[in-house]
Amino acid sequence: MAARLLNIIGAATSAGAYSPGQEQAPAAFRRHGLAEALVSRGRTIRDHGDVASFRWRPDPSQPQAMNLEAVRHACDLVASHVATAIAAQEDVLVLGGDCTVELGTVAGANAAGARIGLVYIDFDTDLNTPDTSDGALDWTGVAHLLDIPGCEPALARLGPTHPMLVPRQLLYFGVENITAPEAITMRDYAIEAISREEALSDIDAAATRAAEWAARFDCVLIHFDVDVLSFIDFPVAENVRRCDGLKLEQAAFVLKQLTALPQWRGLTITEVNPAHAPDESTAFKRLNEVLLDALG
């Protein structure tokens, strides 16, 4: 893995979110030395800077799909960089940003002609559609990847492949919060999942299962939403729910198992809100160490 160049792509956007904050995360990762630390570990990197920038704002003109055009624009830019990198047999680290950024990562990998498997590490399934949501697009991301009826064509038809994923290309990891419409979709689409309870009860077995699932694909992508973490144990996520999520060390273990696969090509980290960390320097030191262990 270390021989492949790592492209760092900043998606400094909270367009799909509920409030501002996530757009500050890419700068915080860099401010606390992520790129330099990767180089010190012997990793060759190319930092593209922030390819998109948007601070969340209310959008009364589209109350069910707020800031749709800004979300689409950011995803298009991310997709372009990801496609170039994966086509060149290089790796990508996408620093989000809200969860909609993943649409750009997947669209880019599809444009590169890759046979994708996506491990979606998240407390939520993001399977809502705009008509079952409250206007924030960041918990509709997977619905748009699968092009579930009711999704916005501007997002569901990013890139050359429609739908962007089929259910067998998706594995949830650590999910717990599933709305009634999402549960129906998971059942009807037969989407595979490793629940939060399963992960917490035996993280070794859960990580092994995820790695075995991912190994069947030519291109493994990882979506890491930090709200899968216990907020009280490690407060940095946008969502401040007092739920019993994964410990940071458990998430780090899973990431390391997955990025060790020869098929791994991309990691997208989302929903980091620097303002929610009691001490930004301490929080990002720990987050950067997790990324170093996985990518360095």
# chains A, B, ... in the order shown; residues from 1 in each chain; ligands from 1
>>> residues_around(residues="region 222-224 of chain A", least_positions_apart="6", cutoff="7 Å", atoms="only C-alpha atoms", output="MDAnalysis selection string")
chainID A and resid 102 118:122 266:270
>>> write_last_selection(atoms="all heavy atoms", output="CSV table (one decimal), in the first residue's frame")
chain,number,residue,atom,x,y,z
A,102,GLU,N,-19.7,11.7,0.1
A,102,GLU,CA,-19.5,10.3,-0.3
A,102,GLU,C,-20.0,10.1,-1.7
A,102,GLU,O,-19.5,9.3,-2.5
A,102,GLU,CB,-20.1,9.4,0.6
A,102,GLU,CG,-19.8,7.9,0.3
A,102,GLU,CD,-18.3,7.6,0.5
A,102,GLU,OE1,-17.8,7.8,1.6
A,102,GLU,OE2,-17.7,7.1,-0.5
A,118,LEU,N,-18.5,-0.6,-1.0
A,118,LEU,CA,-18.4,0.5,-0.1
A,118,LEU,C,-18.8,0.0,1.3
A,118,LEU,O,-19.9,-0.5,1.6
A,118,LEU,CB,-19.4,1.6,-0.5
A,118,LEU,CG,-19.6,2.7,0.5
A,118,LEU,CD1,-18.4,3.5,0.6
A,118,LEU,CD2,-20.8,3.6,0.0
A,119,VAL,N,-17.9,0.1,2.3
A,119,VAL,CA,-18.1,-0.1,3.7
A,119,VAL,C,-18.5,1.2,4.3
A,119,VAL,O,-17.7,2.1,4.4
A,119,VAL,CB,-16.9,-0.7,4.4
A,119,VAL,CG1,-17.3,-1.0,5.9
A,119,VAL,CG2,-16.5,-2.0,3.7
A,120,TYR,N,-19.7,1.3,4.8
A,120,TYR,CA,-20.3,2.5,5.2
A,120,TYR,C,-20.4,2.5,6.8
A,120,TYR,O,-21.3,1.9,7.4
A,120,TYR,CB,-21.7,2.7,4.7
A,120,TYR,CG,-22.2,4.1,4.6
A,120,TYR,CD1,-21.9,4.9,3.5
A,120,TYR,CD2,-23.1,4.6,5.5
A,120,TYR,CE1,-22.3,6.2,3.4
A,120,TYR,CE2,-23.5,5.9,5.4
A,120,TYR,CZ,-23.2,6.7,4.4
A,120,TYR,OH,-23.7,8.0,4.2
A,121,ILE,N,-19.4,3.1,7.4
A,121,ILE,CA,-19.3,3.1,8.9
A,121,ILE,C,-20.0,4.3,9.4
A,121,ILE,O,-19.5,5.5,9.2
A,121,ILE,CB,-17.8,3.1,9.3
A,121,ILE,CG1,-17.0,1.9,8.7
A,121,ILE,CG2,-17.7,3.1,10.8
A,121,ILE,CD1,-15.5,1.9,8.9
A,122,ASP,N,-21.1,4.1,10.0
A,122,ASP,CA,-22.0,5.3,10.4
A,122,ASP,C,-23.0,4.8,11.4
A,122,ASP,O,-23.4,3.6,11.4
A,122,ASP,CB,-22.7,5.7,9.1
A,122,ASP,CG,-23.3,7.2,9.2
A,122,ASP,OD1,-23.7,7.6,10.3
A,122,ASP,OD2,-23.3,7.8,8.2
A,266,GLY,N,-9.9,4.1,-1.2
A,266,GLY,CA,-10.4,5.4,-0.8
A,266,GLY,C,-11.0,5.4,0.6
A,266,GLY,O,-11.8,4.5,0.9
A,267,LEU,N,-10.8,6.4,1.3
A,267,LEU,CA,-11.4,6.7,2.6
A,267,LEU,C,-11.9,8.1,2.6
A,267,LEU,O,-11.2,9.1,2.3
A,267,LEU,CB,-10.3,6.5,3.7
A,267,LEU,CG,-10.8,7.0,5.1
A,267,LEU,CD1,-11.9,6.2,5.7
A,267,LEU,CD2,-9.6,6.9,6.1
A,268,THR,N,-13.2,8.2,3.0
A,268,THR,CA,-13.9,9.5,3.1
A,268,THR,C,-14.3,9.7,4.5
A,268,THR,O,-15.1,8.8,5.1
A,268,THR,CB,-15.1,9.6,2.2
A,268,THR,OG1,-14.7,9.3,0.8
A,268,THR,CG2,-15.8,10.9,2.3
A,269,ILE,N,-13.8,10.7,5.2
A,269,ILE,CA,-14.2,11.0,6.6
A,269,ILE,C,-15.1,12.2,6.6
A,269,ILE,O,-14.9,13.2,6.0
A,269,ILE,CB,-12.9,11.2,7.4
A,269,ILE,CG1,-13.3,11.4,8.9
A,269,ILE,CG2,-12.1,12.3,6.9
A,269,ILE,CD1,-12.2,11.3,9.9
A,270,THR,N,-16.2,12.0,7.3
A,270,THR,CA,-17.3,13.0,7.3
A,270,THR,C,-17.8,13.4,8.7
A,270,THR,O,-17.5,12.6,9.7
A,270,THR,CB,-18.5,12.6,6.5
A,270,THR,OG1,-19.1,11.5,7.1
A,270,THR,CG2,-18.1,12.2,5.1
>>> residues_around(residues="Asp293 (chain A)", least_positions_apart="3", cutoff="12 Å", atoms="only C-alpha atoms", output="number ranges by chain")
A: 2, 34, 37-38, 41, 43, 249, 251-260, 286-290, 296
>>> atom_distance(atom1="CA of Ile191 (chain A)", atom2="CA of Leu165 (chain A)")
11.5 Å
>>> closest_residue(among="A:Lys247, A:Arg242, A:His276, A:His73", to="Val51 (chain A)", atoms="only C-alpha atoms")
A:His73
>>> select_by_dssp(residues="region 101-261 of chain A", states="strand (DSSP E)", output="ChimeraX atom specification")
/A:116-121,170-175,192-195,219-225
>>> residues_around(residues="Phe123 (chain A)", least_positions_apart="6", cutoff="7 Å", atoms="only C-alpha atoms", output="list in words")
Gly174, Val175, Glu176, Asn177, Asp227 and Val228 of chain A
>>> write_last_selection(atoms="N, CA, C and O atoms", output="PDB file, in the first residue's frame")
ATOM      1  N   GLY A 174     -21.735  -0.617  12.105  1.00  0.00           N
ATOM      2  CA  GLY A 174     -21.967   0.199  13.296  1.00  0.00           C
ATOM      3  C   GLY A 174     -23.293   0.917  13.323  1.00  0.00           C
ATOM      4  O   GLY A 174     -23.509   1.775  14.186  1.00  0.00           O
ATOM      5  N   VAL A 175     -24.216   0.594  12.419  1.00  0.00           N
ATOM      6  CA  VAL A 175     -25.477   1.329  12.340  1.00  0.00           C
ATOM      7  C   VAL A 175     -26.396   0.977  13.512  1.00  0.00           C
ATOM      8  O   VAL A 175     -26.385  -0.143  14.023  1.00  0.00           O
ATOM      9  N   GLU A 176     -27.191   1.955  13.906  1.00  0.00           N
ATOM     10  CA  GLU A 176     -28.145   1.781  14.999  1.00  0.00           C
ATOM     11  C   GLU A 176     -29.421   2.579  14.756  1.00  0.00           C
ATOM     12  O   GLU A 176     -30.525   2.086  14.966  1.00  0.00           O
ATOM     13  N   ASN A 177     -29.277   3.827  14.311  1.00  0.00           N
ATOM     14  CA  ASN A 177     -30.427   4.713  14.147  1.00  0.00           C
ATOM     15  C   ASN A 177     -31.039   4.490  12.765  1.00  0.00           C
ATOM     16  O   ASN A 177     -30.486   4.915  11.749  1.00  0.00           O
ATOM     17  N   ASP A 227     -19.879  10.217  13.644  1.00  0.00           N
ATOM     18  CA  ASP A 227     -20.951  10.076  14.620  1.00  0.00           C
ATOM     19  C   ASP A 227     -21.224   8.617  14.982  1.00  0.00           C
ATOM     20  O   ASP A 227     -22.065   8.325  15.829  1.00  0.00           O
ATOM     21  N   VAL A 228     -20.476   7.687  14.368  1.00  0.00           N
ATOM     22  CA  VAL A 228     -20.513   6.294  14.820  1.00  0.00           C
ATOM     23  C   VAL A 228     -19.817   6.142  16.175  1.00  0.00           C
ATOM     24  O   VAL A 228     -19.999   5.147  16.876  1.00  0.00           O
TER      25      VAL A 228
END
>>> atom_distance(atom1="CA of Asp244 (chain A)", atom2="CA of Pro20 (chain A)")
24.6 Å
>>> closest_atom_pairs(of="region 184-261 of chain A", to="region 133-150 of chain A", cutoff="12 Å", atoms="only C-alpha atoms", output="tab-separated table")
residue	atom	partner	partner_atom	distance
A:Ile184	CA	A:Ile148	CA	11.9
A:Thr185	CA	A:Ile148	CA	8.6
A:Met186	CA	A:Ala143	CA	10.4
A:Asp188	CA	A:Ile148	CA	11.1
A:Tyr189	CA	A:Leu146	CA	9.5
A:Ile191	CA	A:Leu146	CA	10.7
A:His223	CA	A:Val142	CA	10.8
A:Asp225	CA	A:Asp138	CA	10.9
A:Glu238	CA	A:Asp138	CA	11.4
A:Asn239	CA	A:Trp139	CA	11.7
>>> closest_residue(among="A:Val272, A:Pro153, A:Arg209, A:Pro63", to="Val240 (chain A)", atoms="only C-alpha atoms")
A:Val272
>>> select_by_dssp(residues="region 157-196 of chain A", states="alpha helix (DSSP H)", output="list in words")
Ala180, Pro181, Glu182, Ala183, Ile184, Thr185, Met186, Arg187, Asp188, Tyr189 and Arg196 of chain A
>>> write_last_selection(atoms="all heavy atoms", output="mmCIF file, in the first residue's frame")
data_model
loop_
_atom_site.group_PDB
_atom_site.id
_atom_site.type_symbol
_atom_site.label_atom_id
_atom_site.label_comp_id
_atom_site.auth_asym_id
_atom_site.auth_seq_id
_atom_site.Cartn_x
_atom_site.Cartn_y
_atom_site.Cartn_z
ATOM 1 N N ALA A 180 -38.310 4.247 10.341
ATOM 2 C CA ALA A 180 -39.239 3.237 9.818
ATOM 3 C C ALA A 180 -39.152 3.113 8.294
ATOM 4 O O ALA A 180 -39.055 1.995 7.768
ATOM 5 C CB ALA A 180 -40.662 3.561 10.262
ATOM 6 N N PRO A 181 -39.146 4.226 7.524
ATOM 7 C CA PRO A 181 -38.979 4.073 6.072
ATOM 8 C C PRO A 181 -37.635 3.455 5.689
ATOM 9 O O PRO A 181 -37.553 2.673 4.732
ATOM 10 C CB PRO A 181 -39.094 5.513 5.550
ATOM 11 C CG PRO A 181 -39.871 6.239 6.590
ATOM 12 C CD PRO A 181 -39.448 5.634 7.889
ATOM 13 N N GLU A 182 -36.591 3.789 6.430
ATOM 14 C CA GLU A 182 -35.279 3.203 6.141
ATOM 15 C C GLU A 182 -35.271 1.699 6.387
ATOM 16 O O GLU A 182 -34.651 0.926 5.643
ATOM 17 C CB GLU A 182 -34.212 3.880 6.987
ATOM 18 C CG GLU A 182 -33.889 5.303 6.571
ATOM 19 C CD GLU A 182 -32.884 5.959 7.507
ATOM 20 O OE1 GLU A 182 -33.075 5.900 8.743
ATOM 21 O OE2 GLU A 182 -31.902 6.521 6.997
ATOM 22 N N ALA A 183 -35.934 1.267 7.454
ATOM 23 C CA ALA A 183 -35.997 -0.161 7.761
ATOM 24 C C ALA A 183 -36.692 -0.924 6.639
ATOM 25 O O ALA A 183 -36.272 -2.038 6.272
ATOM 26 C CB ALA A 183 -36.718 -0.383 9.084
ATOM 27 N N ILE A 184 -37.724 -0.335 6.082
ATOM 28 C CA ILE A 184 -38.421 -0.969 4.956
ATOM 29 C C ILE A 184 -37.490 -1.073 3.751
ATOM 30 O O ILE A 184 -37.422 -2.108 3.072
ATOM 31 C CB ILE A 184 -39.687 -0.179 4.612
ATOM 32 C CG1 ILE A 184 -40.707 -0.298 5.748
ATOM 33 C CG2 ILE A 184 -40.291 -0.668 3.290
ATOM 34 C CD1 ILE A 184 -41.887 0.642 5.603
ATOM 35 N N THR A 185 -36.745 -0.003 3.488
ATOM 36 C CA THR A 185 -35.801 -0.027 2.366
ATOM 37 C C THR A 185 -34.725 -1.075 2.574
ATOM 38 O O THR A 185 -34.374 -1.823 1.641
ATOM 39 C CB THR A 185 -35.162 1.356 2.178
ATOM 40 O OG1 THR A 185 -36.181 2.304 1.884
ATOM 41 C CG2 THR A 185 -34.150 1.344 1.047
ATOM 42 N N MET A 186 -34.188 -1.155 3.787
ATOM 43 C CA MET A 186 -33.160 -2.165 4.061
ATOM 44 C C MET A 186 -33.693 -3.570 3.827
ATOM 45 O O MET A 186 -32.996 -4.421 3.273
ATOM 46 C CB MET A 186 -32.639 -2.009 5.488
ATOM 47 C CG MET A 186 -31.777 -0.792 5.686
ATOM 48 S SD MET A 186 -30.997 -0.750 7.317
ATOM 49 C CE MET A 186 -29.801 -2.093 7.154
ATOM 50 N N ARG A 187 -34.933 -3.806 4.241
ATOM 51 C CA ARG A 187 -35.543 -5.128 4.031
ATOM 52 C C ARG A 187 -35.789 -5.394 2.553
ATOM 53 O O ARG A 187 -35.414 -6.450 2.030
ATOM 54 C CB ARG A 187 -36.869 -5.192 4.798
ATOM 55 C CG ARG A 187 -37.608 -6.528 4.667
ATOM 56 C CD ARG A 187 -39.070 -6.361 5.032
ATOM 57 N NE ARG A 187 -39.768 -5.500 4.067
ATOM 58 C CZ ARG A 187 -40.920 -4.877 4.319
ATOM 59 N NH1 ARG A 187 -41.485 -4.977 5.511
ATOM 60 N NH2 ARG A 187 -41.488 -4.132 3.387
ATOM 61 N N ASP A 188 -36.386 -4.419 1.862
ATOM 62 C CA ASP A 188 -36.741 -4.640 0.461
ATOM 63 C C ASP A 188 -35.518 -4.756 -0.436
ATOM 64 O O ASP A 188 -35.542 -5.490 -1.439
ATOM 65 C CB ASP A 188 -37.633 -3.490 -0.033
ATOM 66 C CG ASP A 188 -39.016 -3.498 0.606
ATOM 67 O OD1 ASP A 188 -39.361 -4.502 1.271
ATOM 68 O OD2 ASP A 188 -39.746 -2.503 0.445
ATOM 69 N N TYR A 189 -34.441 -4.045 -0.094
ATOM 70 C CA TYR A 189 -33.228 -4.073 -0.908
ATOM 71 C C TYR A 189 -32.217 -5.099 -0.409
ATOM 72 O O TYR A 189 -31.154 -5.267 -1.010
ATOM 73 C CB TYR A 189 -32.585 -2.682 -0.935
ATOM 74 C CG TYR A 189 -33.253 -1.695 -1.869
ATOM 75 C CD1 TYR A 189 -34.531 -1.228 -1.618
ATOM 76 C CD2 TYR A 189 -32.602 -1.230 -3.004
ATOM 77 C CE1 TYR A 189 -35.146 -0.320 -2.469
ATOM 78 C CE2 TYR A 189 -33.205 -0.324 -3.861
ATOM 79 C CZ TYR A 189 -34.487 0.128 -3.590
ATOM 80 O OH TYR A 189 -35.094 1.025 -4.432
ATOM 81 N N ARG A 196 -24.393 -1.777 15.354
ATOM 82 C CA ARG A 196 -23.606 -1.235 16.465
ATOM 83 C C ARG A 196 -23.443 -2.281 17.566
ATOM 84 O O ARG A 196 -22.351 -2.459 18.116
ATOM 85 C CB ARG A 196 -24.279 0.018 17.016
ATOM 86 C CG ARG A 196 -23.596 0.620 18.250
ATOM 87 C CD ARG A 196 -24.500 1.604 18.959
ATOM 88 N NE ARG A 196 -25.681 0.951 19.469
ATOM 89 C CZ ARG A 196 -25.755 0.364 20.669
ATOM 90 N NH1 ARG A 196 -24.716 0.362 21.469
ATOM 91 N NH2 ARG A 196 -26.878 -0.213 21.067
#
>>> atom_distance(atom1="CA of Glu90 (chain A)", atom2="CA of Pro160 (chain A)")
20.2 Å
>>> residues_around(residues="region 202-207 of chain A", least_positions_apart="3", cutoff="7 Å", atoms="only C-alpha atoms", output="list in words")
Ile194, Glu198, Ala199, Ala210, Ala211, Gln250, Val254 and Gln257 of chain A
>>> residues_around(residues="His48 (chain A)", least_positions_apart="6", cutoff="12 Å", atoms="only C-alpha atoms", output="JSON, numbers by chain")
{"A": [6, 7, 8, 9, 10, 11, 26, 30, 35, 77, 78, 80, 81, 82, 85, 92, 93, 94, 95]}
>>> decode(residues="region 87-157 of chain A", atoms="C-alpha atoms", output="mmCIF file, in the first residue's frame")
data_model
loop_
_atom_site.group_PDB
_atom_site.id
_atom_site.type_symbol
_atom_site.label_atom_id
_atom_site.label_comp_id
_atom_site.auth_asym_id
_atom_site.auth_seq_id
_atom_site.Cartn_x
_atom_site.Cartn_y
_atom_site.Cartn_z
ATOM 1 C CA ALA A 87 -7.638 5.648 -12.778
ATOM 2 C CA ALA A 88 -3.924 6.234 -12.086
ATOM 3 C CA GLN A 89 -3.911 3.426 -9.485
ATOM 4 C CA GLU A 90 -3.500 5.940 -6.661
ATOM 5 C CA ASP A 91 -5.307 6.206 -3.324
ATOM 6 C CA VAL A 92 -7.607 8.924 -2.036
ATOM 7 C CA LEU A 93 -8.327 10.435 1.354
ATOM 8 C CA VAL A 94 -11.346 12.727 1.147
ATOM 9 C CA LEU A 95 -11.664 15.101 4.084
ATOM 10 C CA GLY A 96 -15.291 16.178 4.508
ATOM 11 C CA GLY A 97 -17.547 17.838 5.008
ATOM 12 C CA ASP A 98 -21.021 16.412 5.501
ATOM 13 C CA CYS A 99 -22.068 12.918 4.431
ATOM 14 C CA THR A 100 -23.135 13.934 0.924
ATOM 15 C CA VAL A 101 -19.433 14.149 0.028
ATOM 16 C CA GLU A 102 -19.478 10.347 -0.335
ATOM 17 C CA LEU A 103 -21.594 10.719 -3.463
ATOM 18 C CA GLY A 104 -18.651 12.434 -5.129
ATOM 19 C CA THR A 105 -16.209 9.748 -4.026
ATOM 20 C CA VAL A 106 -18.368 6.938 -5.394
ATOM 21 C CA ALA A 107 -19.161 8.792 -8.617
ATOM 22 C CA GLY A 108 -15.439 9.349 -9.173
ATOM 23 C CA ALA A 109 -14.575 5.708 -8.580
ATOM 24 C CA ASN A 110 -17.318 4.697 -11.016
ATOM 25 C CA ALA A 111 -15.916 7.088 -13.613
ATOM 26 C CA ALA A 112 -12.553 5.367 -13.240
ATOM 27 C CA GLY A 113 -14.218 2.064 -14.152
ATOM 28 C CA ALA A 114 -13.724 0.472 -10.747
ATOM 29 C CA ARG A 115 -15.844 -2.415 -9.386
ATOM 30 C CA ILE A 116 -16.692 -0.856 -6.043
ATOM 31 C CA GLY A 117 -17.494 -2.223 -2.617
ATOM 32 C CA LEU A 118 -18.440 0.479 -0.076
ATOM 33 C CA VAL A 119 -18.127 -0.132 3.677
ATOM 34 C CA TYR A 120 -20.329 2.520 5.248
ATOM 35 C CA ILE A 121 -19.261 3.111 8.858
ATOM 36 C CA ASP A 122 -21.995 5.259 10.358
ATOM 37 C CA PHE A 123 -24.492 5.387 13.225
ATOM 38 C CA ASP A 124 -27.206 6.231 10.641
ATOM 39 C CA THR A 125 -28.113 4.474 7.410
ATOM 40 C CA ASP A 126 -28.716 7.712 5.416
ATOM 41 C CA LEU A 127 -31.462 5.941 3.468
ATOM 42 C CA ASN A 128 -34.056 8.709 3.725
ATOM 43 C CA THR A 129 -35.276 10.373 0.569
ATOM 44 C CA PRO A 130 -36.110 14.069 0.416
ATOM 45 C CA ASP A 131 -39.812 13.329 0.813
ATOM 46 C CA THR A 132 -39.211 11.359 4.043
ATOM 47 C CA SER A 133 -36.518 13.708 5.336
ATOM 48 C CA ASP A 134 -36.519 17.137 6.960
ATOM 49 C CA GLY A 135 -34.638 18.952 4.241
ATOM 50 C CA ALA A 136 -31.052 18.082 5.180
ATOM 51 C CA LEU A 137 -29.516 16.057 2.370
ATOM 52 C CA ASP A 138 -26.747 14.504 4.458
ATOM 53 C CA TRP A 139 -28.941 11.717 5.727
ATOM 54 C CA THR A 140 -30.157 10.906 2.222
ATOM 55 C CA GLY A 141 -26.745 10.054 0.786
ATOM 56 C CA VAL A 142 -27.096 6.280 0.506
ATOM 57 C CA ALA A 143 -30.609 6.614 -0.873
ATOM 58 C CA HIS A 144 -29.125 8.683 -3.694
ATOM 59 C CA LEU A 145 -26.306 6.180 -4.237
ATOM 60 C CA LEU A 146 -28.947 3.469 -4.739
ATOM 61 C CA ASP A 147 -31.296 5.824 -6.645
ATOM 62 C CA ILE A 148 -34.268 4.962 -4.458
ATOM 63 C CA PRO A 149 -37.569 6.368 -5.777
ATOM 64 C CA GLY A 150 -38.093 9.902 -4.534
ATOM 65 C CA CYS A 151 -34.437 10.928 -4.755
ATOM 66 C CA GLU A 152 -33.212 14.056 -6.526
ATOM 67 C CA PRO A 153 -32.006 13.183 -10.057
ATOM 68 C CA ALA A 154 -29.305 15.863 -9.795
ATOM 69 C CA LEU A 155 -27.612 13.747 -7.109
ATOM 70 C CA ALA A 156 -28.708 10.227 -7.991
ATOM 71 C CA ARG A 157 -27.273 10.585 -11.493
#
